[in-house]
>>> print(open('protein10.cif').read())   # mmCIF, C-alpha atoms
data_upload
loop_
_atom_site.label_atom_id
_atom_site.label_comp_id
_atom_site.auth_asym_id
_atom_site.auth_seq_id
_atom_site.Cartn_x
_atom_site.Cartn_y
_atom_site.Cartn_z
CA MET A 1 130.94 126.16 73.42
CA VAL A 2 131.11 122.92 71.40
CA ASN A 3 132.19 120.96 74.52
CA HIS A 4 129.24 122.39 76.44
CA ASP A 5 126.78 121.27 73.74
CA ARG A 6 128.40 117.84 73.61
CA ARG A 7 128.13 117.42 77.40
CA ARG A 8 124.50 118.50 77.30
CA PHE A 9 123.80 115.97 74.55
CA ILE A 10 125.52 113.17 76.50
CA VAL A 11 123.59 114.04 79.67
CA ILE A 12 120.30 114.04 77.76
CA VAL A 13 121.08 110.67 76.14
CA VAL A 14 122.05 109.12 79.51
CA VAL A 15 118.90 110.46 81.19
CA LEU A 16 116.69 109.19 78.37
CA MET A 17 118.32 105.75 78.50
CA PHE A 18 117.80 105.64 82.26
CA LEU A 19 114.16 106.67 81.97
CA LEU A 20 113.42 104.27 79.13
CA SER A 21 115.06 101.32 80.84
CA GLY A 22 113.09 102.07 84.01
CA CYS A 23 109.83 102.35 82.08
CA LEU A 24 110.46 99.10 80.25
CA GLY A 25 111.13 97.32 83.54
CA ILE A 26 107.89 98.66 85.01
CA LYS A 27 105.99 97.60 81.90
CA ASP A 28 107.32 94.04 82.13
CA GLU A 29 106.37 93.84 85.80
CA LEU A 30 102.89 95.26 85.13
CA GLU A 31 102.29 92.72 82.38
CA ASN A 32 102.92 89.93 84.92
CA THR A 33 100.73 91.48 87.62
CA CYS A 34 97.31 90.14 88.57
CA THR A 35 94.64 91.98 90.54
CA LEU A 36 92.55 90.28 93.22
CA THR A 37 89.20 91.94 93.97
CA THR A 38 87.24 90.67 96.95
CA SER A 39 83.70 91.44 98.06
CA VAL A 40 81.07 90.00 100.38
CA ASN A 41 77.37 89.17 100.25
CA GLY A 42 75.93 89.32 103.75
CA GLU A 43 77.91 90.28 106.84
CA GLY A 44 81.55 89.24 107.07
CA LYS A 45 85.09 89.96 105.93
CA VAL A 46 87.65 88.44 103.59
CA PHE A 47 91.26 88.29 104.73
CA VAL A 48 93.94 87.93 102.06
CA ASP A 49 97.43 86.64 102.83
CA PRO A 50 99.65 88.32 101.85
CA PRO A 51 97.47 91.40 102.47
CA GLN A 52 97.54 93.16 99.09
CA ASP A 53 95.43 93.37 95.96
CA LYS A 54 98.11 93.10 93.24
CA PHE A 55 100.26 90.01 92.81
CA ILE A 56 102.91 88.70 90.47
CA GLN A 57 101.47 85.88 88.30
CA GLY A 58 102.02 82.51 89.96
CA SER A 59 101.97 83.87 93.52
CA PRO A 60 100.35 81.72 96.22
CA ILE A 61 97.47 83.40 98.05
CA SER A 62 95.37 82.36 101.03
CA LEU A 63 91.82 83.64 101.46
CA THR A 64 89.89 83.39 104.72
CA ALA A 65 86.22 84.27 105.11
CA GLU A 66 85.26 85.44 108.60
CA PRO A 67 81.57 85.95 109.42
CA GLU A 68 80.27 88.69 111.71
CA ASP A 69 78.31 87.70 114.83
CA GLY A 70 75.00 86.09 113.87
CA TRP A 71 76.26 85.13 110.41
CA ALA A 72 77.91 82.02 108.94
CA PHE A 73 80.11 81.56 105.91
CA ASP A 74 78.18 79.78 103.13
CA PHE A 75 80.31 79.59 99.95
CA TRP A 76 82.80 81.29 97.61
CA SER A 77 81.62 82.53 94.23
CA GLY A 78 82.94 84.57 91.35
CA ASP A 79 86.22 83.28 89.95
CA ILE A 80 86.62 80.61 92.65
CA ILE A 81 84.09 78.23 94.14
CA GLY A 82 83.92 76.16 97.30
CA THR A 83 82.35 75.88 100.72
CA ASN A 84 85.47 75.80 102.93
CA ASP A 85 86.01 79.18 104.66
CA GLN A 86 89.72 78.98 103.82
CA LYS A 87 90.96 78.80 100.26
CA SER A 88 94.53 78.59 98.94
CA ILE A 89 95.12 79.48 95.30
CA ILE A 90 97.86 80.30 92.82
CA ILE A 91 96.90 83.53 91.05
CA ARG A 92 97.41 83.39 87.28
CA LYS A 93 94.96 86.07 86.10
CA ASP A 94 92.84 88.89 87.50
CA LEU A 95 90.28 87.44 89.91
CA ASN A 96 87.00 88.64 91.36
CA VAL A 97 86.12 86.64 94.48
CA ILE A 98 82.92 86.86 96.53
CA ALA A 99 82.48 85.46 100.04
CA ASN A 100 78.81 84.67 100.66
CA PHE A 101 77.47 84.72 104.23
CA ILE A 102 74.06 83.70 105.56
CA GLN A 103 72.34 84.59 108.80
CA ASP A 104 73.01 82.02 111.49
CA ASP A 105 69.79 80.65 112.97
CA GLN A 106 71.37 79.77 116.34
#
>>> encode(input="protein10.cif", output="structure tokens")
Amino acid sequence: MVNHDRRRFIVIVVVLMFLLSGCLGIKDELENTCTLTTSVNGEGKVFVDPPQDKFIQGSPISLTAEPEDGWAFDFWSGDIIGTNDQKSIIIRKDLNVIANFIQDDQ
């Protein structure tokens, strides 16, 4: 009976160590993760490369704004600015990026 209790105790300790080490690893990774949120004003889309919304800090990201028919890309706003429809960044914090489109008069 004593051996059975000892085995149970050892199994519980090993399982707890495994769970805690896994949780600590996840916590460290989450602390170094940045979220990219994209939205549009007007009619168009934002393509993110690589195509995801969570990134490890320091990851390179490419953004491309693509207008719908009858619309033109105007500018980026939010946490980045610029008028080029393609933008390359290194993500270091959570970002909210807006692609602004205007109706094309042509």
>>> atom_distance(input="protein10.cif", atom1="CA of Thr83 in chain A", atom2="CA of Thr38 in chain A")
16.0 Å
>>> residues_around(input="protein10.cif", residues="Ile90 in chain A", least_positions_apart="2", cutoff="6 Å", atoms="only C-alpha atoms", output="list in words")
Gly58, Ser59 and Pro60 of chain A
>>> resolve_selection(input="protein10.cif", expression="the PyMOL selection byres ((chain A and resi 46) around 6)", output="list in words")
Lys45, Phe47, Thr64 and Ala65 of chain A
>>> atom_distance(input="protein10.cif", atom1="CA of Phe55 in chain A", atom2="CA of Thr35 in chain A")
6.4 Å
>>> residues_near_point(input="protein10.cif", point="(95.5, 84.4, 103.8)", cutoff="7 Å", atoms="only C-alpha atoms", output="list in words")
Phe47, Val48, Asp49, Pro50, Ile61, Ser62, Leu63 and Thr64 of chain A
>>> resolve_selection(input="protein10.cif", expression="the PyMOL selection byres ((chain A and resi 44) around 7)", output="number ranges by chain")
A: 40, 42-43, 45, 66-68, 101
>>> atom_distance(input="protein10.cif", atom1="CA of Gly70 in chain A", atom2="CA of Asn100 in chain A")
13.8 Å
>>> residues_around(input="protein10.cif", residues="Val97 in chain A", least_positions_apart="3", cutoff="7 Å", atoms="all atoms listed in the file", output="number ranges by chain")
A: 37-39, 77-80
>>> resolve_selection(input="protein10.cif", expression="the PyMOL selection byres ((chain A and resi 56) around 8)", output="list in words")
Glu29, Asn32, Thr33, Cys34, Lys54, Phe55, Gln57, Gly58, Ser59 and Ile91 of chain A
>>> closest_residue(input="protein10.cif", among="A:Asn96, A:Phe73, A:Gln103, A:Ile10", to="Leu36 in chain A", atoms="all atoms listed in the file")
A:Asn96
